[in-house]
Every structure is written in C-alpha cells, then in structure tokens.
>>> print(open('input.cif').read())   # mmCIF, N, CA and C atoms
data_coords
loop_
_atom_site.label_atom_id
_atom_site.label_comp_id
_atom_site.auth_asym_id
_atom_site.auth_seq_id
_atom_site.Cartn_x
_atom_site.Cartn_y
_atom_site.Cartn_z
N MET A 1 57.64 41.75 40.52
CA MET A 1 57.56 40.42 39.95
C MET A 1 57.62 40.53 38.43
N ARG A 2 58.37 39.68 37.81
CA ARG A 2 58.57 39.70 36.37
C ARG A 2 57.38 39.03 35.65
N THR A 3 56.96 39.63 34.56
CA THR A 3 55.88 39.06 33.76
C THR A 3 56.45 37.96 32.87
N ARG A 4 55.79 36.83 32.87
CA ARG A 4 56.25 35.70 32.08
C ARG A 4 55.51 35.66 30.75
N LEU A 5 56.25 35.70 29.67
CA LEU A 5 55.65 35.54 28.34
C LEU A 5 55.66 34.06 27.98
N ARG A 6 54.55 33.59 27.52
CA ARG A 6 54.44 32.21 27.08
C ARG A 6 54.32 32.22 25.57
N HIS A 7 54.55 31.07 24.96
CA HIS A 7 54.54 31.00 23.50
C HIS A 7 53.61 29.89 23.03
N LEU A 8 53.02 30.14 21.87
CA LEU A 8 52.08 29.21 21.27
C LEU A 8 52.32 29.22 19.77
N ARG A 9 52.36 28.05 19.17
CA ARG A 9 52.52 27.95 17.72
C ARG A 9 51.20 27.48 17.14
N ASP A 10 50.70 28.24 16.16
CA ASP A 10 49.47 27.89 15.48
C ASP A 10 49.74 27.98 13.99
N GLY A 11 49.76 26.83 13.32
CA GLY A 11 50.11 26.83 11.90
C GLY A 11 51.56 27.22 11.73
N ASP A 12 51.78 28.25 10.91
CA ASP A 12 53.16 28.70 10.67
C ASP A 12 53.48 29.99 11.43
N ARG A 13 52.66 30.36 12.40
CA ARG A 13 52.88 31.58 13.16
C ARG A 13 53.11 31.27 14.63
N ASP A 14 54.06 32.00 15.21
CA ASP A 14 54.31 31.92 16.65
C ASP A 14 53.61 33.10 17.33
N TYR A 15 52.94 32.82 18.44
CA TYR A 15 52.28 33.86 19.24
C TYR A 15 52.94 33.90 20.61
N ALA A 16 53.08 35.10 21.14
CA ALA A 16 53.53 35.29 22.51
C ALA A 16 52.32 35.79 23.29
N TRP A 17 52.16 35.31 24.52
CA TRP A 17 51.01 35.74 25.32
C TRP A 17 51.38 35.83 26.79
N ARG A 18 50.59 36.63 27.48
CA ARG A 18 50.73 36.73 28.93
C ARG A 18 49.33 36.84 29.52
N ALA A 19 49.22 36.42 30.77
CA ALA A 19 47.94 36.50 31.47
C ALA A 19 48.19 37.14 32.82
N THR A 20 47.41 38.17 33.12
CA THR A 20 47.53 38.90 34.38
C THR A 20 46.30 38.62 35.23
N ILE A 21 46.52 38.12 36.43
CA ILE A 21 45.42 37.76 37.31
C ILE A 21 44.91 39.00 38.04
N GLY A 22 43.60 39.15 38.06
CA GLY A 22 42.96 40.26 38.76
C GLY A 22 41.60 39.83 39.27
N SER A 23 40.76 40.80 39.53
CA SER A 23 39.40 40.49 39.99
C SER A 23 38.43 41.51 39.43
N VAL A 24 37.17 41.14 39.46
CA VAL A 24 36.11 42.02 38.97
C VAL A 24 34.94 41.91 39.95
N PRO A 25 34.38 43.06 40.37
CA PRO A 25 33.27 43.01 41.33
C PRO A 25 31.93 42.68 40.67
N GLY A 26 31.10 41.97 41.41
CA GLY A 26 29.73 41.73 40.98
C GLY A 26 28.85 42.86 41.48
N ASP A 27 27.55 42.77 41.25
CA ASP A 27 26.63 43.81 41.71
C ASP A 27 26.45 43.78 43.23
N GLY A 28 26.63 42.62 43.83
CA GLY A 28 26.50 42.50 45.29
C GLY A 28 27.87 42.59 45.94
N VAL A 29 28.14 41.65 46.83
CA VAL A 29 29.42 41.64 47.54
C VAL A 29 30.43 40.71 46.88
N ASP A 30 30.00 39.94 45.90
CA ASP A 30 30.90 38.98 45.25
C ASP A 30 32.00 39.67 44.45
N VAL A 31 33.16 39.06 44.49
CA VAL A 31 34.29 39.48 43.66
C VAL A 31 34.77 38.22 42.95
N HIS A 32 34.90 38.29 41.63
CA HIS A 32 35.25 37.13 40.83
C HIS A 32 36.66 37.27 40.26
N ARG A 33 37.28 36.13 40.04
CA ARG A 33 38.61 36.12 39.42
C ARG A 33 38.46 36.50 37.95
N CYS A 34 39.34 37.38 37.52
CA CYS A 34 39.36 37.82 36.13
C CYS A 34 40.81 37.79 35.66
N VAL A 35 41.04 37.23 34.50
CA VAL A 35 42.38 37.11 33.96
C VAL A 35 42.43 37.88 32.65
N ARG A 36 43.27 38.90 32.59
CA ARG A 36 43.44 39.66 31.35
C ARG A 36 44.52 38.98 30.51
N VAL A 37 44.13 38.60 29.31
CA VAL A 37 45.05 37.93 28.39
C VAL A 37 45.42 38.88 27.26
N ARG A 38 46.71 38.98 26.98
CA ARG A 38 47.21 39.74 25.83
C ARG A 38 48.04 38.80 24.98
N VAL A 39 47.80 38.85 23.66
CA VAL A 39 48.48 37.97 22.72
C VAL A 39 49.07 38.82 21.60
N TRP A 40 50.32 38.52 21.23
CA TRP A 40 50.97 39.19 20.10
C TRP A 40 51.33 38.14 19.07
N GLY A 41 51.05 38.45 17.81
CA GLY A 41 51.35 37.51 16.74
C GLY A 41 52.42 38.01 15.80
N ALA A 42 52.88 39.25 15.98
CA ALA A 42 53.89 39.81 15.09
C ALA A 42 54.86 40.68 15.87
N GLY A 43 55.23 40.24 17.04
CA GLY A 43 56.17 41.01 17.85
C GLY A 43 55.48 42.12 18.63
N LYS A 44 56.27 42.83 19.42
CA LYS A 44 55.71 43.84 20.31
C LYS A 44 55.12 45.05 19.60
N ASN A 45 55.46 45.26 18.35
CA ASN A 45 54.91 46.39 17.61
C ASN A 45 53.64 46.04 16.83
N GLY A 46 53.30 44.76 16.79
CA GLY A 46 52.10 44.33 16.09
C GLY A 46 50.85 44.61 16.91
N ARG A 47 49.70 44.49 16.30
CA ARG A 47 48.43 44.72 17.00
C ARG A 47 48.19 43.58 17.99
N ALA A 48 48.01 43.94 19.24
CA ALA A 48 47.79 42.95 20.30
C ALA A 48 46.33 42.56 20.37
N LEU A 49 46.09 41.32 20.75
CA LEU A 49 44.77 40.82 21.04
C LEU A 49 44.60 40.88 22.56
N GLU A 50 43.45 41.35 23.03
CA GLU A 50 43.22 41.43 24.47
C GLU A 50 41.82 40.93 24.79
N ALA A 51 41.72 40.16 25.88
CA ALA A 51 40.43 39.66 26.36
C ALA A 51 40.48 39.55 27.87
N ASP A 52 39.39 39.94 28.52
CA ASP A 52 39.26 39.79 29.97
C ASP A 52 38.41 38.55 30.21
N LEU A 53 39.02 37.54 30.83
CA LEU A 53 38.36 36.26 31.05
C LEU A 53 37.82 36.18 32.47
N LEU A 54 36.53 35.95 32.58
CA LEU A 54 35.84 35.81 33.86
C LEU A 54 35.78 34.32 34.18
N SER A 55 36.33 33.94 35.33
CA SER A 55 36.33 32.54 35.73
C SER A 55 34.91 32.07 36.03
N LYS A 56 34.59 30.86 35.59
CA LYS A 56 33.29 30.26 35.86
C LYS A 56 33.28 29.48 37.17
N ALA A 57 34.42 29.42 37.84
CA ALA A 57 34.51 28.64 39.08
C ALA A 57 33.63 29.24 40.17
N THR A 58 33.01 28.40 40.92
CA THR A 58 32.22 28.82 42.09
C THR A 58 32.94 28.27 43.31
N SER A 59 33.91 29.01 43.78
CA SER A 59 34.76 28.59 44.88
C SER A 59 34.06 28.79 46.21
N VAL A 60 34.66 28.23 47.23
CA VAL A 60 34.14 28.35 48.59
C VAL A 60 34.74 29.59 49.23
N GLY A 61 33.98 30.29 50.04
CA GLY A 61 34.49 31.46 50.74
C GLY A 61 33.55 32.63 50.56
N TRP A 62 33.92 33.74 51.15
CA TRP A 62 33.08 34.93 51.07
C TRP A 62 33.00 35.45 49.65
N THR A 63 34.11 35.41 48.97
CA THR A 63 34.10 35.85 47.58
C THR A 63 34.71 34.76 46.72
N PRO A 64 34.15 34.48 45.57
CA PRO A 64 34.69 33.44 44.71
C PRO A 64 36.16 33.65 44.35
N ALA A 65 36.60 34.90 44.22
CA ALA A 65 37.97 35.16 43.82
C ALA A 65 38.99 34.77 44.89
N ALA A 66 38.56 34.69 46.15
CA ALA A 66 39.49 34.43 47.25
C ALA A 66 40.15 33.06 47.14
N THR A 67 39.44 32.06 46.63
CA THR A 67 39.99 30.70 46.56
C THR A 67 40.03 30.15 45.14
N ASP A 68 39.78 30.96 44.16
CA ASP A 68 39.74 30.53 42.76
C ASP A 68 41.17 30.47 42.20
N GLY A 69 41.55 29.33 41.67
CA GLY A 69 42.88 29.17 41.09
C GLY A 69 42.86 29.05 39.57
N SER A 70 41.77 29.47 38.94
CA SER A 70 41.63 29.32 37.48
C SER A 70 42.68 30.12 36.73
N TYR A 71 43.23 29.51 35.68
CA TYR A 71 44.22 30.15 34.83
C TYR A 71 44.07 29.55 33.44
N PRO A 72 44.12 30.37 32.39
CA PRO A 72 43.91 29.82 31.05
C PRO A 72 45.05 28.90 30.61
N ALA A 73 44.68 27.82 29.94
CA ALA A 73 45.65 26.88 29.37
C ALA A 73 45.94 27.27 27.92
N SER A 74 46.93 26.64 27.34
CA SER A 74 47.28 26.97 25.95
C SER A 74 46.12 26.70 24.99
N GLY A 75 45.28 25.69 25.29
CA GLY A 75 44.11 25.42 24.45
C GLY A 75 43.12 26.57 24.49
N ASP A 76 42.98 27.22 25.65
CA ASP A 76 42.10 28.39 25.76
C ASP A 76 42.64 29.53 24.91
N ILE A 77 43.94 29.74 24.97
CA ILE A 77 44.55 30.82 24.19
C ILE A 77 44.42 30.54 22.69
N ARG A 78 44.58 29.29 22.31
CA ARG A 78 44.42 28.92 20.89
C ARG A 78 43.00 29.24 20.42
N ARG A 79 42.00 28.94 21.23
CA ARG A 79 40.61 29.25 20.86
C ARG A 79 40.38 30.75 20.77
N LEU A 80 40.99 31.52 21.68
CA LEU A 80 40.89 32.99 21.61
C LEU A 80 41.49 33.50 20.31
N VAL A 81 42.67 33.00 19.97
CA VAL A 81 43.35 33.44 18.74
C VAL A 81 42.51 33.09 17.51
N GLU A 82 42.03 31.85 17.44
CA GLU A 82 41.24 31.43 16.28
C GLU A 82 39.97 32.27 16.14
N HIS A 83 39.32 32.53 17.26
CA HIS A 83 38.09 33.33 17.24
C HIS A 83 38.39 34.77 16.83
N ALA A 84 39.46 35.33 17.35
CA ALA A 84 39.83 36.71 17.01
C ALA A 84 40.20 36.84 15.53
N LEU A 85 40.93 35.87 15.02
CA LEU A 85 41.29 35.91 13.59
C LEU A 85 40.03 35.87 12.73
N ALA A 86 39.07 35.03 13.11
CA ALA A 86 37.80 34.95 12.37
C ALA A 86 37.00 36.24 12.49
N ALA A 87 37.18 36.97 13.59
CA ALA A 87 36.45 38.22 13.82
C ALA A 87 37.16 39.44 13.22
N GLY A 88 38.32 39.22 12.60
CA GLY A 88 38.98 40.33 11.92
C GLY A 88 40.28 40.83 12.52
N TRP A 89 40.81 40.16 13.52
CA TRP A 89 42.09 40.58 14.10
C TRP A 89 43.20 40.37 13.10
N ASP A 90 43.98 41.42 12.88
CA ASP A 90 45.15 41.34 12.00
C ASP A 90 46.40 41.53 12.86
N PRO A 91 47.07 40.45 13.26
CA PRO A 91 48.22 40.59 14.14
C PRO A 91 49.38 41.34 13.48
N ASP A 92 49.41 41.41 12.16
CA ASP A 92 50.50 42.09 11.45
C ASP A 92 50.33 43.61 11.40
N ALA A 93 49.13 44.10 11.70
CA ALA A 93 48.91 45.55 11.70
C ALA A 93 49.78 46.18 12.78
N ARG A 94 50.24 47.39 12.53
CA ARG A 94 51.12 48.08 13.48
C ARG A 94 50.31 48.78 14.56
N GLY A 95 50.65 48.51 15.80
CA GLY A 95 50.07 49.22 16.93
C GLY A 95 48.61 48.93 17.19
N GLY A 96 48.15 49.39 18.31
CA GLY A 96 46.75 49.26 18.68
C GLY A 96 46.45 47.94 19.37
N THR A 97 45.20 47.79 19.73
CA THR A 97 44.73 46.61 20.44
C THR A 97 43.40 46.16 19.85
N PHE A 98 43.26 44.88 19.63
CA PHE A 98 42.01 44.28 19.19
C PHE A 98 41.40 43.60 20.41
N ARG A 99 40.24 44.06 20.85
CA ARG A 99 39.62 43.52 22.06
C ARG A 99 38.47 42.58 21.72
N LEU A 100 38.48 41.45 22.37
CA LEU A 100 37.33 40.56 22.30
C LEU A 100 36.39 40.96 23.43
N THR A 101 35.13 41.14 23.11
CA THR A 101 34.14 41.58 24.09
C THR A 101 33.07 40.51 24.28
N GLU A 102 32.17 40.77 25.21
CA GLU A 102 31.06 39.84 25.47
C GLU A 102 30.22 39.59 24.22
N GLU A 103 30.14 40.58 23.36
CA GLU A 103 29.33 40.47 22.14
C GLU A 103 29.77 39.33 21.24
N THR A 104 31.03 38.93 21.32
CA THR A 104 31.52 37.86 20.45
C THR A 104 30.86 36.53 20.77
N GLY A 105 30.36 36.38 22.01
CA GLY A 105 29.67 35.16 22.38
C GLY A 105 30.59 33.97 22.63
N LEU A 106 31.89 34.18 22.64
CA LEU A 106 32.82 33.09 22.87
C LEU A 106 32.79 32.66 24.33
N GLU A 107 32.70 31.36 24.53
CA GLU A 107 32.74 30.79 25.88
C GLU A 107 33.78 29.68 25.89
N LEU A 108 34.70 29.76 26.82
CA LEU A 108 35.73 28.74 26.98
C LEU A 108 35.29 27.78 28.07
N PRO A 109 35.89 26.59 28.17
CA PRO A 109 35.45 25.63 29.18
C PRO A 109 35.44 26.19 30.61
N GLY A 110 36.40 27.00 30.98
CA GLY A 110 36.44 27.53 32.34
C GLY A 110 36.23 29.01 32.46
N PHE A 111 35.95 29.69 31.34
CA PHE A 111 35.90 31.15 31.35
C PHE A 111 34.81 31.70 30.43
N LEU A 112 34.36 32.89 30.78
CA LEU A 112 33.51 33.72 29.93
C LEU A 112 34.29 35.00 29.64
N ILE A 113 34.03 35.63 28.54
CA ILE A 113 34.62 36.95 28.28
C ILE A 113 33.75 37.98 28.97
N THR A 114 34.37 38.92 29.65
CA THR A 114 33.62 39.96 30.36
C THR A 114 34.08 41.35 29.95
N ASP A 115 33.14 42.28 29.95
CA ASP A 115 33.45 43.69 29.70
C ASP A 115 33.44 44.47 31.01
N ARG A 116 33.13 43.81 32.11
CA ARG A 116 32.93 44.49 33.40
C ARG A 116 34.18 45.21 33.88
N VAL A 117 35.36 44.75 33.51
CA VAL A 117 36.60 45.39 33.96
C VAL A 117 36.69 46.81 33.42
N ARG A 118 36.32 47.01 32.18
CA ARG A 118 36.40 48.33 31.54
C ARG A 118 35.10 49.12 31.64
N ASP A 119 33.97 48.42 31.81
CA ASP A 119 32.67 49.07 31.83
C ASP A 119 31.88 48.61 33.06
N PRO A 120 31.81 49.43 34.12
CA PRO A 120 31.07 49.04 35.33
C PRO A 120 29.59 48.76 35.07
N GLY A 121 29.06 49.23 33.96
CA GLY A 121 27.66 49.00 33.63
C GLY A 121 27.42 47.71 32.86
N ALA A 122 28.47 46.94 32.59
CA ALA A 122 28.33 45.68 31.87
C ALA A 122 27.58 44.67 32.75
N PRO A 123 27.04 43.61 32.15
CA PRO A 123 26.26 42.63 32.91
C PRO A 123 27.00 42.08 34.13
N ASP A 124 26.21 41.80 35.18
CA ASP A 124 26.72 41.31 36.46
C ASP A 124 27.46 39.97 36.30
N PRO A 125 28.73 39.91 36.70
CA PRO A 125 29.48 38.66 36.58
C PRO A 125 28.87 37.52 37.40
N THR A 126 28.30 37.82 38.55
CA THR A 126 27.72 36.77 39.39
C THR A 126 26.57 36.08 38.66
N ALA A 127 25.71 36.85 38.04
CA ALA A 127 24.58 36.29 37.29
C ALA A 127 25.07 35.49 36.09
N ARG A 128 26.08 36.00 35.40
CA ARG A 128 26.61 35.30 34.22
C ARG A 128 27.25 33.98 34.61
N VAL A 129 28.01 33.96 35.69
CA VAL A 129 28.63 32.71 36.15
C VAL A 129 27.55 31.72 36.57
N GLY A 130 26.52 32.20 37.25
CA GLY A 130 25.41 31.34 37.65
C GLY A 130 24.72 30.70 36.45
N ARG A 131 24.46 31.49 35.43
CA ARG A 131 23.84 30.94 34.21
C ARG A 131 24.76 29.94 33.53
N ALA A 132 26.06 30.21 33.49
CA ALA A 132 27.01 29.30 32.86
C ALA A 132 27.06 27.97 33.60
N GLN A 133 26.96 28.01 34.93
CA GLN A 133 26.95 26.78 35.73
C GLN A 133 25.69 25.97 35.47
N ASP A 134 24.55 26.64 35.30
CA ASP A 134 23.29 25.94 35.03
C ASP A 134 23.34 25.22 33.70
N PHE A 135 23.99 25.81 32.70
CA PHE A 135 24.05 25.20 31.37
C PHE A 135 24.99 24.00 31.34
N ARG A 136 25.97 23.96 32.24
CA ARG A 136 26.94 22.87 32.24
C ARG A 136 26.40 21.58 32.82
N VAL A 137 25.33 21.66 33.57
CA VAL A 137 24.80 20.47 34.24
C VAL A 137 24.24 19.48 33.24
#
>>> encode(input="input.cif", output="structure tokens")
Amino acid sequence: MRTRLRHLRDGDRDYAWRATIGSVPGDGVDVHRCVRVRVWGAGKNGRALEADLLSKATSVGWTPAATDGSYPASGDIRRLVEHALAAGWDPDARGGTFRLTEETGLELPGFLITDRVRDPGAPDPTARVGRAQDFRV
C-alpha cells in the first residue's frame, strides 16, 4: 500500500506529513489505537518532526483499537507543528528527528502523546485515556 503524503501551509511555509496507523498495548489486555505522525518542513532531507498519538476514544469491543477510527485532522497537525516549533524544532536543520514526548504535556482534542510505542515502561495508555475521559466531562 502506498503512503499518502498530505500537505499543510502554515504562514509562509509548506509542511508535508503522513500518519501511520498502529496500536499500543496497555498494562492489561487492552490495545489502543496509536497513530505515528511524521512532518517535514524543509523537504525529505530536513529534520522531521515525529509524535506518537494515542487515541482518547473508548470504543466498544474487547480492545479499544479494534473499532477505533480516530485519525488526526489538519488542525491537529497544525497544533503539533506550532508546539514543536515553540519547543525548539528546526525544520531547516539537516537530518535527524525531533520527537515530541509525553513530557511536552500537549493534548489534542482526540489524542494524547504517548511514549509507550518506544518505551514499554512508559505510563499505561489505558489509565491515561481513562483520566483524559474524566477531564472532558
């Protein structure tokens, strides 16, 4: 399957981005939808922005990921870009990856940033999604 690059214009800069759908396990039997987002602001040789987005959806079924259709919108990507730029991301730098982690504290309307994909010892996604749902009420 071909990866689709999407485009976003912010100010005088064009960004290309893609989102790859995956999953991340919780501490129990739950598996949550996770979308890895990569954004480029200066072509393929520029420093990429990367974030793993944990869906806040509480779907029906044995595992939340089984029926979760969450996908980031362009407004979500714009917020990621703005937050990363404020945190020191330089899209013009050559090579490498700038990762947004849980420490940044950024929360999108339908997503949390998670480190669980790269670090199995990171906080439990099930507990984090539960807390996020409690705050939305």
>>> resolve_selection(input="input.cif", expression="the PyMOL selection byres ((chain A and resi 32) around 6)", output="short mmCIF file (atom, residue, chain, number, x, y, z; two decimals) with N, CA and C atoms, in the coordinates of the input")
data_model
loop_
_atom_site.label_atom_id
_atom_site.label_comp_id
_atom_site.auth_asym_id
_atom_site.auth_seq_id
_atom_site.Cartn_x
_atom_site.Cartn_y
_atom_site.Cartn_z
N GLY A 22 43.60 39.15 38.06
CA GLY A 22 42.96 40.26 38.76
C GLY A 22 41.60 39.83 39.27
N SER A 23 40.76 40.80 39.53
CA SER A 23 39.40 40.49 39.99
C SER A 23 38.43 41.51 39.43
N VAL A 24 37.17 41.14 39.46
CA VAL A 24 36.11 42.02 38.97
C VAL A 24 34.94 41.91 39.95
N PRO A 25 34.38 43.06 40.37
CA PRO A 25 33.27 43.01 41.33
C PRO A 25 31.93 42.68 40.67
N GLY A 26 31.10 41.97 41.41
CA GLY A 26 29.73 41.73 40.98
C GLY A 26 28.85 42.86 41.48
N ASP A 30 30.00 39.94 45.90
CA ASP A 30 30.90 38.98 45.25
C ASP A 30 32.00 39.67 44.45
N VAL A 31 33.16 39.06 44.49
CA VAL A 31 34.29 39.48 43.66
C VAL A 31 34.77 38.22 42.95
N ARG A 33 37.28 36.13 40.04
CA ARG A 33 38.61 36.12 39.42
C ARG A 33 38.46 36.50 37.95
N CYS A 34 39.34 37.38 37.52
CA CYS A 34 39.36 37.82 36.13
C CYS A 34 40.81 37.79 35.66
N SER A 55 36.33 33.94 35.33
CA SER A 55 36.33 32.54 35.73
C SER A 55 34.91 32.07 36.03
N PRO A 64 34.15 34.48 45.57
CA PRO A 64 34.69 33.44 44.71
C PRO A 64 36.16 33.65 44.35
N ALA A 65 36.60 34.90 44.22
CA ALA A 65 37.97 35.16 43.82
C ALA A 65 38.99 34.77 44.89
#
>>> axis_aligned_box(input="input.cif", around="segment 78-91 of chain A", padding_each_side="6 Å", output="AutoDock Vina command-line options")
--center_x 42.9 --center_y 35.2 --center_z 17.1 --size_x 24.9 --size_y 24.6 --size_z 22.4
>>> select_by_dssp(input="input.cif", residues="chain A", states="strand (DSSP E)", output="PyMOL selection string")
chain A and resi 6-10+13-25+31-40+48-55+97-99+111-113
>>> atom_distance(input="input.cif", atom1="atom C of Leu108 of chain A", atom2="atom C of Leu54 of chain A")
9.0 Å
>>> closest_residue(input="input.cif", among="A:Ala48, A:Thr20, A:Arg36, A:Gly95", to="Thr114 of chain A", atoms="only C-alpha atoms")
A:Arg36
>>> select_by_dssp(input="input.cif", residues="segment 63-100 of chain A", states="helix (DSSP H, G or I)", output="ChimeraX atom specification")
/A:64-67,74-86
>>> residues_near_point(input="input.cif", point="(34.7, 34.6, 25.0)", cutoff="10 Å", atoms="only C-alpha atoms", output="mmCIF file with N, CA and C atoms, in the coordinates of the input")
data_model
loop_
_atom_site.group_PDB
_atom_site.id
_atom_site.type_symbol
_atom_site.label_atom_id
_atom_site.label_comp_id
_atom_site.auth_asym_id
_atom_site.auth_seq_id
_atom_site.Cartn_x
_atom_site.Cartn_y
_atom_site.Cartn_z
ATOM 1 N N ALA A 51 41.720 40.160 25.880
ATOM 2 C CA ALA A 51 40.430 39.660 26.360
ATOM 3 C C ALA A 51 40.480 39.550 27.870
ATOM 4 N N ASP A 52 39.390 39.940 28.520
ATOM 5 C CA ASP A 52 39.260 39.790 29.970
ATOM 6 C C ASP A 52 38.410 38.550 30.210
ATOM 7 N N LEU A 53 39.020 37.540 30.830
ATOM 8 C CA LEU A 53 38.360 36.260 31.050
ATOM 9 C C LEU A 53 37.820 36.180 32.470
ATOM 10 N N LEU A 54 36.530 35.950 32.580
ATOM 11 C CA LEU A 54 35.840 35.810 33.860
ATOM 12 C C LEU A 54 35.780 34.320 34.180
ATOM 13 N N ASP A 76 42.980 27.220 25.650
ATOM 14 C CA ASP A 76 42.100 28.390 25.760
ATOM 15 C C ASP A 76 42.640 29.530 24.910
ATOM 16 N N ARG A 79 42.000 28.940 21.230
ATOM 17 C CA ARG A 79 40.610 29.250 20.860
ATOM 18 C C ARG A 79 40.380 30.750 20.770
ATOM 19 N N LEU A 80 40.990 31.520 21.680
ATOM 20 C CA LEU A 80 40.890 32.990 21.610
ATOM 21 C C LEU A 80 41.490 33.500 20.310
ATOM 22 N N HIS A 83 39.320 32.530 17.260
ATOM 23 C CA HIS A 83 38.090 33.330 17.240
ATOM 24 C C HIS A 83 38.390 34.770 16.830
ATOM 25 N N ALA A 84 39.460 35.330 17.350
ATOM 26 C CA ALA A 84 39.830 36.710 17.010
ATOM 27 C C ALA A 84 40.200 36.840 15.530
ATOM 28 N N LEU A 100 38.480 41.450 22.370
ATOM 29 C CA LEU A 100 37.330 40.560 22.300
ATOM 30 C C LEU A 100 36.390 40.960 23.430
ATOM 31 N N THR A 101 35.130 41.140 23.110
ATOM 32 C CA THR A 101 34.140 41.580 24.090
ATOM 33 C C THR A 101 33.070 40.510 24.280
ATOM 34 N N GLU A 102 32.170 40.770 25.210
ATOM 35 C CA GLU A 102 31.060 39.840 25.470
ATOM 36 C C GLU A 102 30.220 39.590 24.220
ATOM 37 N N GLU A 103 30.140 40.580 23.360
ATOM 38 C CA GLU A 103 29.330 40.470 22.140
ATOM 39 C C GLU A 103 29.770 39.330 21.240
ATOM 40 N N THR A 104 31.030 38.930 21.320
ATOM 41 C CA THR A 104 31.520 37.860 20.450
ATOM 42 C C THR A 104 30.860 36.530 20.770
ATOM 43 N N GLY A 105 30.360 36.380 22.010
ATOM 44 C CA GLY A 105 29.670 35.160 22.380
ATOM 45 C C GLY A 105 30.590 33.970 22.630
ATOM 46 N N LEU A 106 31.890 34.180 22.640
ATOM 47 C CA LEU A 106 32.820 33.090 22.870
ATOM 48 C C LEU A 106 32.790 32.660 24.330
ATOM 49 N N GLU A 107 32.700 31.360 24.530
ATOM 50 C CA GLU A 107 32.740 30.790 25.880
ATOM 51 C C GLU A 107 33.780 29.680 25.890
ATOM 52 N N LEU A 108 34.700 29.760 26.820
ATOM 53 C CA LEU A 108 35.730 28.740 26.980
ATOM 54 C C LEU A 108 35.290 27.780 28.070
ATOM 55 N N PRO A 109 35.890 26.590 28.170
ATOM 56 C CA PRO A 109 35.450 25.630 29.180
ATOM 57 C C PRO A 109 35.440 26.190 30.610
ATOM 58 N N PHE A 111 35.950 29.690 31.340
ATOM 59 C CA PHE A 111 35.900 31.150 31.350
ATOM 60 C C PHE A 111 34.810 31.700 30.430
ATOM 61 N N LEU A 112 34.360 32.890 30.780
ATOM 62 C CA LEU A 112 33.510 33.720 29.930
ATOM 63 C C LEU A 112 34.290 35.000 29.640
ATOM 64 N N ILE A 113 34.030 35.630 28.540
ATOM 65 C CA ILE A 113 34.620 36.950 28.280
ATOM 66 C C ILE A 113 33.750 37.980 28.970
ATOM 67 N N THR A 114 34.370 38.920 29.650
ATOM 68 C CA THR A 114 33.620 39.960 30.360
ATOM 69 C C THR A 114 34.080 41.350 29.950
#
>>> closest_residue(input="input.cif", among="A:Ala57, A:Ala87, A:Ala42, A:Val29", to="Val129 of chain A", atoms="all atoms listed in the file")
A:Ala57
>>> atom_distance(input="input.cif", atom1="atom C of Ala93 of chain A", atom2="atom N of Arg4 of chain A")
23.0 Å
>>> closest_residue(input="input.cif", among="A:Val39, A:Trp89, A:Arg116, A:Gly46", to="Ser74 of chain A", atoms="only C-alpha atoms")
A:Val39
>>> atom_distance(input="input.cif", atom1="atom C of Arg94 of chain A", atom2="atom C of Lys44 of chain A")
7.9 Å
>>> closest_residue(input="input.cif", among="A:Leu85, A:Glu50, A:Asp124, A:Lys56", to="Phe98 of chain A", atoms="only N, CA and C atoms")
A:Glu50
>>> closest_residue(input="input.cif", among="A:Pro91, A:Arg38, A:Arg99, A:Ala19", to="Pro72 of chain A", atoms="all atoms listed in the file")
A:Ala19
>>> resolve_selection(input="input.cif", expression="the PyMOL selection byres ((chain A and resi 15) around 7)", output="VMD selection string")
chain A and resid 6 to 10 13 to 14 16 to 17 39 to 42
